[in-house]
Amino acid sequence: MASTRVLLVLLIVINVIRAQNNPVFKKFEYKHSFRAPNLAQRDGSIPFWIVSGDAIASGEQLRLAPSMRSRKGIAWNKRAFIESENFQVDIALKIGGQGRVGADGLGIWYTSQLGALGPVFGANDFWTGMGLFMDSFDNDGQKNNPQVSLMLNDGTRSYDHHTDGSQQILSSCQRDFRNKPYPVRVRIEYMKNVLTVHVDDGMQPTPRYELCMRAENIFLPRNGYFGVSAATGGLADDHDILDFSVFSLFNEQQKPVPAAEQIPQQEKQKYDEEFERQMKEYEQERSKFKEQHPDKVKEDDEYDPSKYYEDATARELRLIYESQNAIHQVMQNMDQRLAQIQQAQLSGTGAAAVPQAGGVPPAAVSGGAGFSQPEKNEVITSLRDLTQSVRDMKQYVNEIFTKTYNIDQKIVQQGGGGAAGGVDSSMHQKVDSLLNELRTVRATQVQTSGPRGSANCPNVSCVSSTIFMLIIIVQTVIIIGVVFVRSKQDKAKFY
């Protein structure tokens, strides 16, 4: 075990040293790529690409196949990849639909010829080159889908859909790439006849690649064409490509030589001499023009580039100054507006105080000095406290009204009339007592009357029955009025 570990450590160290000694250079190839935003032009086409079938290109994505049954679409690069023998392709895609299971899938191609519509994930069969398939539907019932599979073809084999190409694919890995919150990213790298595929899980905005497959001794056709395709069947998903970026890879020996270094040394020396000669002639003509036309000669600082072009530091300082100046201007406008409001308030107060002050003109009141900052803060605080007090009073009044209303409703429900019933019963009792007294007085008068019906009042002064009844009626009216007035006051307390 110890010797095995030592060997593994030595192999890792050797690989790291080789990687450091043979660095890889990467160059973006825009003529073989497309990405959002401005992915497509106004007419729906993609520069350097052919889009056909049901594929639709927009500014943000390329939809190869929509979530409709039996649809297929392809997009193929018009230009052959002649920049390098090695490449790296970064793809950002989204595959998903409303169903629990989707179909059919998406293909990423590198072939010796331009592709066409066909039965293999939307592209033609019997291709020559590489096909990387994002297979969504489990045709063979092995419960190993969705999966990412790689198949190489020399133009003689037909892809077997019924078995998901299980006897034809070179390598595969099971990855769930449907209905992810973020785009799923795939990285294909072909370097020194070694093909590796990394796949992201699409669960975070920044890609987190995991190795899906690695195959050695892979010989892809030179000067091939990149393409993508997708197809749907009885089930359907949306198949979208958001980013298709192609990079050419070089090692130190294969690093492309800049165009300036490709010029032969003799021609380069000749061009340098010609440039020096023309610069000398230009300086001579310039000095001669200065001598002949001194009034039209511009100063040397006119030719200073820093006078017309600002650097990053100057631009940053200018932006900071402009932003600070804008903030200062806004604060000044606010202060002027507040001064106007205070002036209007003071003018209104002075106008109201003229009749009480005995002829003090409004200008004398409003023309004084404005509020200082502490006074402003004090006024604002007082206004806030007053507003809070008014809110508390309003809440208190609402509570009183609610409680009194509930009490009134309970009294009406329990007493069948409440206060009105109580007033009527008291009035009946008082009227009954008055009637009883009236009957008693009447009986006493009958007993004490003489034979002719005249009253016999030997010791007291007698009152006639008409006056007596008038007194009783007035007293009854007064009592009823007092009771009615008291009942009105009691009812008013409930509101």
# chains A, B, ... in the order shown; residues from 1 in each chain; ligands from 1
>>> residues_around(residues="region 160-164 of chain A", least_positions_apart="4", cutoff="9 Å", atoms="only C-alpha atoms", output="list in words")
Val120, Asp135, Phe137, Asp138, Asn139, Asp140, Gly141, Gln168 and Ile169 of chain A
>>> closest_residue(among="A:Leu106, A:Ile46, A:Ala326, A:Leu386", to="Ala231 (chain A)", atoms="only C-alpha atoms")
A:Leu106
>>> residues_around(residues="Pro119 (chain A)", least_positions_apart="2", cutoff="9 Å", atoms="only C-alpha atoms", output="PyMOL selection string")
chain A and resi 72+117+121-125+159+231
>>> write_last_selection(atoms="C-alpha atoms", output="PDB file, in the first residue's frame")
ATOM      1  CA  LYS A  72     -36.726  19.132 -35.023  1.00  0.00           C
ATOM      2  CA  LEU A 117     -32.174  17.519 -40.778  1.00  0.00           C
ATOM      3  CA  PHE A 121     -31.793  14.138 -32.369  1.00  0.00           C
ATOM      4  CA  GLY A 122     -32.810  16.298 -35.313  1.00  0.00           C
ATOM      5  CA  ALA A 123     -29.643  15.764 -37.425  1.00  0.00           C
ATOM      6  CA  ASN A 124     -28.717  13.340 -40.198  1.00  0.00           C
ATOM      7  CA  ASP A 125     -27.560   9.777 -39.694  1.00  0.00           C
ATOM      8  CA  TYR A 159     -27.703   5.271 -34.619  1.00  0.00           C
ATOM      9  CA  ALA A 231     -35.829  16.890 -31.677  1.00  0.00           C
TER      10      ALA A 231
END
>>> select_by_dssp(residues="region 4-171 of chain A", states="helix (DSSP H, G or I)", output="ChimeraX atom specification")
/A:4-21,30-32
>>> atom_distance(atom1="CA of Gly53 (chain A)", atom2="CA of Lys94 (chain A)")
19.1 Å
>>> atom_distance(atom1="CA of Ser136 (chain A)", atom2="CA of Lys78 (chain A)")
28.1 Å
>>> residues_around(residues="region 30-45 of chain A", least_positions_apart="3", cutoff="8 Å", atoms="only C-alpha atoms", output="PyMOL selection string")
chain A and resi 48-51+56-62+77+79+81+226+242-246
>>> write_last_selection(atoms="N, CA and C atoms", output="short mmCIF file (atom, residue, chain, number, x, y, z; two decimals), in the first residue's frame")
data_model
loop_
_atom_site.label_atom_id
_atom_site.label_comp_id
_atom_site.auth_asym_id
_atom_site.auth_seq_id
_atom_site.Cartn_x
_atom_site.Cartn_y
_atom_site.Cartn_z
N PHE A 48 -22.40 33.64 -39.45
CA PHE A 48 -21.55 32.47 -39.71
C PHE A 48 -22.24 31.14 -39.42
N TRP A 49 -23.58 31.14 -39.23
CA TRP A 49 -24.29 29.91 -38.91
C TRP A 49 -25.49 29.74 -39.83
N ILE A 50 -25.87 28.49 -40.07
CA ILE A 50 -27.06 28.14 -40.83
C ILE A 50 -28.10 27.60 -39.85
N VAL A 51 -29.28 28.18 -39.82
CA VAL A 51 -30.36 27.76 -38.92
C VAL A 51 -31.51 27.26 -39.80
N ILE A 56 -35.48 28.45 -33.97
CA ILE A 56 -35.77 29.89 -33.98
C ILE A 56 -34.71 30.58 -33.13
N ALA A 57 -34.06 31.59 -33.72
CA ALA A 57 -33.02 32.34 -33.00
C ALA A 57 -33.56 33.69 -32.60
N SER A 58 -33.27 34.09 -31.36
CA SER A 58 -33.64 35.40 -30.83
C SER A 58 -32.39 36.06 -30.26
N GLY A 59 -32.58 37.21 -29.67
CA GLY A 59 -31.44 37.92 -29.11
C GLY A 59 -30.85 37.27 -27.88
N GLU A 60 -31.63 36.43 -27.19
CA GLU A 60 -31.17 35.84 -25.93
C GLU A 60 -30.87 34.35 -26.02
N GLN A 61 -31.42 33.64 -27.02
CA GLN A 61 -31.24 32.19 -27.07
C GLN A 61 -31.54 31.67 -28.46
N LEU A 62 -31.10 30.44 -28.70
CA LEU A 62 -31.42 29.70 -29.91
C LEU A 62 -32.28 28.51 -29.50
N ASN A 77 -22.39 25.54 -38.20
CA ASN A 77 -21.43 26.59 -38.51
C ASN A 77 -21.01 26.49 -39.99
N ARG A 79 -18.36 27.89 -41.40
CA ARG A 79 -16.92 27.90 -41.59
C ARG A 79 -16.29 26.66 -40.96
N PHE A 81 -13.40 24.60 -39.06
CA PHE A 81 -12.50 24.97 -37.96
C PHE A 81 -11.07 24.65 -38.39
N PHE A 226 -18.75 22.62 -36.58
CA PHE A 226 -19.52 22.50 -35.34
C PHE A 226 -21.01 22.66 -35.66
N LEU A 242 -28.06 28.90 -25.00
CA LEU A 242 -27.82 30.28 -24.62
C LEU A 242 -26.41 30.75 -24.96
N ASP A 243 -25.46 29.80 -25.00
CA ASP A 243 -24.07 30.17 -25.24
C ASP A 243 -23.37 29.00 -25.92
N PHE A 244 -22.68 29.29 -27.02
CA PHE A 244 -21.88 28.28 -27.71
C PHE A 244 -20.55 28.96 -28.05
N SER A 245 -19.57 28.77 -27.20
CA SER A 245 -18.28 29.46 -27.32
C SER A 245 -17.21 28.44 -27.69
N VAL A 246 -16.48 28.71 -28.75
CA VAL A 246 -15.42 27.83 -29.24
C VAL A 246 -14.08 28.52 -29.03
#
>>> residues_around(residues="Val186 (chain A)", least_positions_apart="6", cutoff="10 Å", atoms="only C-alpha atoms", output="JSON, numbers by chain")
{"A": [89, 90, 91, 92, 93, 197, 198, 199, 200, 201, 207, 209, 210, 212, 244]}
>>> write_last_selection(atoms="C-alpha atoms", output="PDB file, in the first residue's frame")
ATOM      1  CA  VAL A  89     -16.288  24.239 -26.552  1.00  0.00           C
ATOM      2  CA  ASP A  90     -18.340  25.755 -23.699  1.00  0.00           C
ATOM      3  CA  ILE A  91     -22.110  25.335 -24.095  1.00  0.00           C
ATOM      4  CA  ALA A  92     -24.837  26.775 -21.855  1.00  0.00           C
ATOM      5  CA  LEU A  93     -28.203  25.100 -22.479  1.00  0.00           C
ATOM      6  CA  VAL A 197     -16.432  16.153 -21.219  1.00  0.00           C
ATOM      7  CA  HIS A 198     -17.375  18.056 -18.048  1.00  0.00           C
ATOM      8  CA  VAL A 199     -20.994  18.761 -17.084  1.00  0.00           C
ATOM      9  CA  ASP A 200     -22.443  21.261 -14.620  1.00  0.00           C
ATOM     10  CA  ASP A 201     -25.520  20.433 -12.524  1.00  0.00           C
ATOM     11  CA  PRO A 207     -20.661  26.636 -13.072  1.00  0.00           C
ATOM     12  CA  TYR A 209     -18.053  21.233 -13.500  1.00  0.00           C
ATOM     13  CA  GLU A 210     -17.854  17.519 -12.821  1.00  0.00           C
ATOM     14  CA  CYS A 212     -18.495  13.057 -17.122  1.00  0.00           C
ATOM     15  CA  PHE A 244     -21.876  28.284 -27.712  1.00  0.00           C
TER      16      PHE A 244
END
>>> select_by_dssp(residues="region 199-284 of chain A", states="strand (DSSP E or B)", output="ChimeraX atom specification")
/A:199-200,209-216,225-231,238-250
>>> residues_around(residues="Ser149 (chain A)", least_positions_apart="2", cutoff="6 Å", atoms="only C-alpha atoms", output="list in words")
Leu132, Phe133, Ser171 and Ser172 of chain A
